[in-house]
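> Provided below: my_file-v3.pdb, containing PDB, C-alpha atoms, pLDDT in the B column.
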```
ATOM      1  CA  MET A   1     -74.903 -13.959  -1.639  1.00 87.00           C
ATOM      2  CA  SER A   2     -75.155 -17.616  -2.534  1.00 94.00           C
ATOM      3  CA  VAL A   3     -75.473 -19.666  -5.685  1.00 97.00           C
ATOM      4  CA  SER A   4     -78.331 -21.860  -6.849  1.00 97.00           C
ATOM      5  CA  TYR A   5     -78.076 -24.641  -9.421  1.00 98.00           C
ATOM      6  CA  ASP A   6     -81.824 -25.354  -9.447  1.00 97.00           C
ATOM      7  CA  LYS A   7     -81.980 -24.335 -13.118  1.00 98.00           C
ATOM      8  CA  LEU A   8     -79.406 -27.019 -13.942  1.00 98.00           C
ATOM      9  CA  TRP A   9     -81.324 -29.753 -12.125  1.00 98.00           C
ATOM     10  CA  LYS A  10     -84.519 -28.777 -13.964  1.00 98.00           C
ATOM     11  CA  LEU A  11     -82.649 -28.729 -17.287  1.00 97.00           C
ATOM     12  CA  LEU A  12     -81.323 -32.243 -16.619  1.00 97.00           C
ATOM     13  CA  ILE A  13     -84.878 -33.444 -15.982  1.00 97.00           C
ATOM     14  CA  ASP A  14     -86.039 -31.848 -19.247  1.00 97.00           C
ATOM     15  CA  LYS A  15     -83.194 -33.559 -21.114  1.00 96.00           C
ATOM     16  CA  LYS A  16     -83.839 -36.853 -19.287  1.00 97.00           C
ATOM     17  CA  MET A  17     -80.257 -36.913 -18.013  1.00 97.00           C
ATOM     18  CA  SER A  18     -78.961 -38.075 -14.656  1.00 97.00           C
ATOM     19  CA  ARG A  19     -76.185 -36.384 -12.726  1.00 96.00           C
ATOM     20  CA  THR A  20     -73.923 -39.268 -13.727  1.00 96.00           C
ATOM     21  CA  ASP A  21     -74.779 -38.637 -17.388  1.00 97.00           C
ATOM     22  CA  LEU A  22     -73.808 -34.994 -16.896  1.00 97.00           C
ATOM     23  CA  LYS A  23     -70.556 -35.963 -15.193  1.00 97.00           C
ATOM     24  CA  GLU A  24     -69.559 -38.155 -18.117  1.00 97.00           C
ATOM     25  CA  ALA A  25     -70.735 -35.757 -20.848  1.00 97.00           C
ATOM     26  CA  ALA A  26     -69.042 -32.712 -19.326  1.00 98.00           C
ATOM     27  CA  GLY A  27     -65.921 -34.443 -18.017  1.00 98.00           C
ATOM     28  CA  ILE A  28     -66.376 -33.149 -14.479  1.00 98.00           C
ATOM     29  CA  SER A  29     -65.723 -34.980 -11.212  1.00 97.00           C
ATOM     30  CA  PHE A  30     -68.101 -36.288  -8.574  1.00 96.00           C
ATOM     31  CA  ASN A  31     -66.619 -33.647  -6.250  1.00 97.00           C
ATOM     32  CA  VAL A  32     -67.931 -30.907  -8.530  1.00 97.00           C
ATOM     33  CA  LEU A  33     -71.386 -32.499  -8.534  1.00 96.00           C
ATOM     34  CA  ALA A  34     -71.264 -32.828  -4.749  1.00 97.00           C
ATOM     35  CA  LYS A  35     -70.408 -29.144  -4.367  1.00 97.00           C
ATOM     36  CA  MET A  36     -73.235 -28.212  -6.707  1.00 97.00           C
ATOM     37  CA  GLY A  37     -75.613 -30.390  -4.720  1.00 96.00           C
ATOM     38  CA  LYS A  38     -74.720 -28.354  -1.628  1.00 96.00           C
ATOM     39  CA  SER A  39     -75.071 -25.026  -3.533  1.00 95.00           C
ATOM     40  CA  GLU A  40     -71.356 -24.294  -3.243  1.00 96.00           C
ATOM     41  CA  PHE A  41     -69.288 -22.347  -5.734  1.00 96.00           C
ATOM     42  CA  ILE A  42     -67.419 -24.284  -8.429  1.00 97.00           C
ATOM     43  CA  SER A  43     -64.789 -23.209 -10.939  1.00 97.00           C
ATOM     44  CA  MET A  44     -65.575 -21.335 -14.121  1.00 97.00           C
ATOM     45  CA  GLU A  45     -63.860 -24.146 -16.008  1.00 98.00           C
ATOM     46  CA  SER A  46     -66.399 -26.655 -14.657  1.00 98.00           C
ATOM     47  CA  LEU A  47     -69.292 -24.320 -15.484  1.00 98.00           C
ATOM     48  CA  TYR A  48     -67.909 -23.917 -19.006  1.00 98.00           C
ATOM     49  CA  LYS A  49     -67.669 -27.700 -19.494  1.00 98.00           C
ATOM     50  CA  ILE A  50     -71.258 -28.132 -18.311  1.00 98.00           C
ATOM     51  CA  CYS A  51     -72.481 -25.405 -20.674  1.00 98.00           C
ATOM     52  CA  LEU A  52     -70.668 -27.030 -23.607  1.00 98.00           C
ATOM     53  CA  ALA A  53     -72.092 -30.455 -22.788  1.00 97.00           C
ATOM     54  CA  LEU A  54     -75.657 -29.120 -22.487  1.00 97.00           C
ATOM     55  CA  ASN A  55     -75.358 -26.554 -25.291  1.00 97.00           C
ATOM     56  CA  CYS A  56     -76.552 -23.721 -23.048  1.00 97.00           C
ATOM     57  CA  ASN A  57     -75.406 -20.500 -21.392  1.00 97.00           C
ATOM     58  CA  ILE A  58     -74.317 -20.049 -17.797  1.00 97.00           C
ATOM     59  CA  GLY A  59     -77.568 -18.263 -16.930  1.00 97.00           C
ATOM     60  CA  ASP A  60     -79.445 -21.392 -17.986  1.00 97.00           C
ATOM     61  CA  ILE A  61     -77.804 -23.497 -15.262  1.00 97.00           C
ATOM     62  CA  MET A  62     -77.171 -21.217 -12.288  1.00 97.00           C
ATOM     63  CA  GLU A  63     -78.134 -17.988 -10.589  1.00 97.00           C
ATOM     64  CA  PHE A  64     -77.013 -15.928  -7.623  1.00 95.00           C
ATOM     65  CA  THR A  65     -79.494 -15.646  -4.782  1.00 93.00           C
ATOM     66  CA  GLU A  66     -79.793 -13.742  -1.523  1.00 88.00           C
ATOM     67  CA  LYS A  67     -79.327 -15.924   1.534  1.00 71.00           C
TER      68      LYS A  67
END
```
Here is a file; write its structure as structure tokens.


Amino acid sequence: MSVSYDKLWKLLIDKKMSRTDLKEAAGISFNVLAKMGKSEFISMESLYKICLALNCNIGDIMEFTEK
């Protein structure tokens, strides 16, 4: 099982935000963004910060996929 953040990238496009904008709004590090770019797992704390910044739920930004 792997993770996909494709929903997040689409949401950022809809909100006309860059990844740097997200980093600043959510207070997350570039390392977190790099991990997400490689479809790696990140902490629940980081996911929570992203959801707060984008005013969405976790299912709106990620999903689990079969490899």

> Decode the PyMOL selection byres ((chain A and resi 42) around 12) for the given file into explicit residues and return them as a list in words.

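This file gives the following for the PyMOL selection byres ((chain A and resi 42) around 12): Ser2, Val3, Ser4, Tyr5, Ile28, Ser29, Asn31, Val32, Leu33, Ala34, Lys35, Met36, Gly37, Lys38, Ser39, Glu40, Phe41, Ser43, Met44, Glu45, Ser46, Leu47, Tyr48, Lys49, Ile50 and Met62 of chain A.
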
> For A:Leu52, which of A:Phe30, A:Leu22, A:Glu66, A:Lys7 is the closest residue, counting only C-alpha atoms?

A:Leu22

> Select, from A:Thr65, A:Met1, A:Ala26, A:Leu54, the residue with the minimum atom-to-atom distance to A:Asp14, counting only C-alpha atoms.

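Among the listed residues, A:Leu54 lies closest to A:Asp14.
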
> Work out how far apart atom CA of A:Asp60 and atom CA of A:Leu8 are and give it in Å to one decimal.

6.9 Å
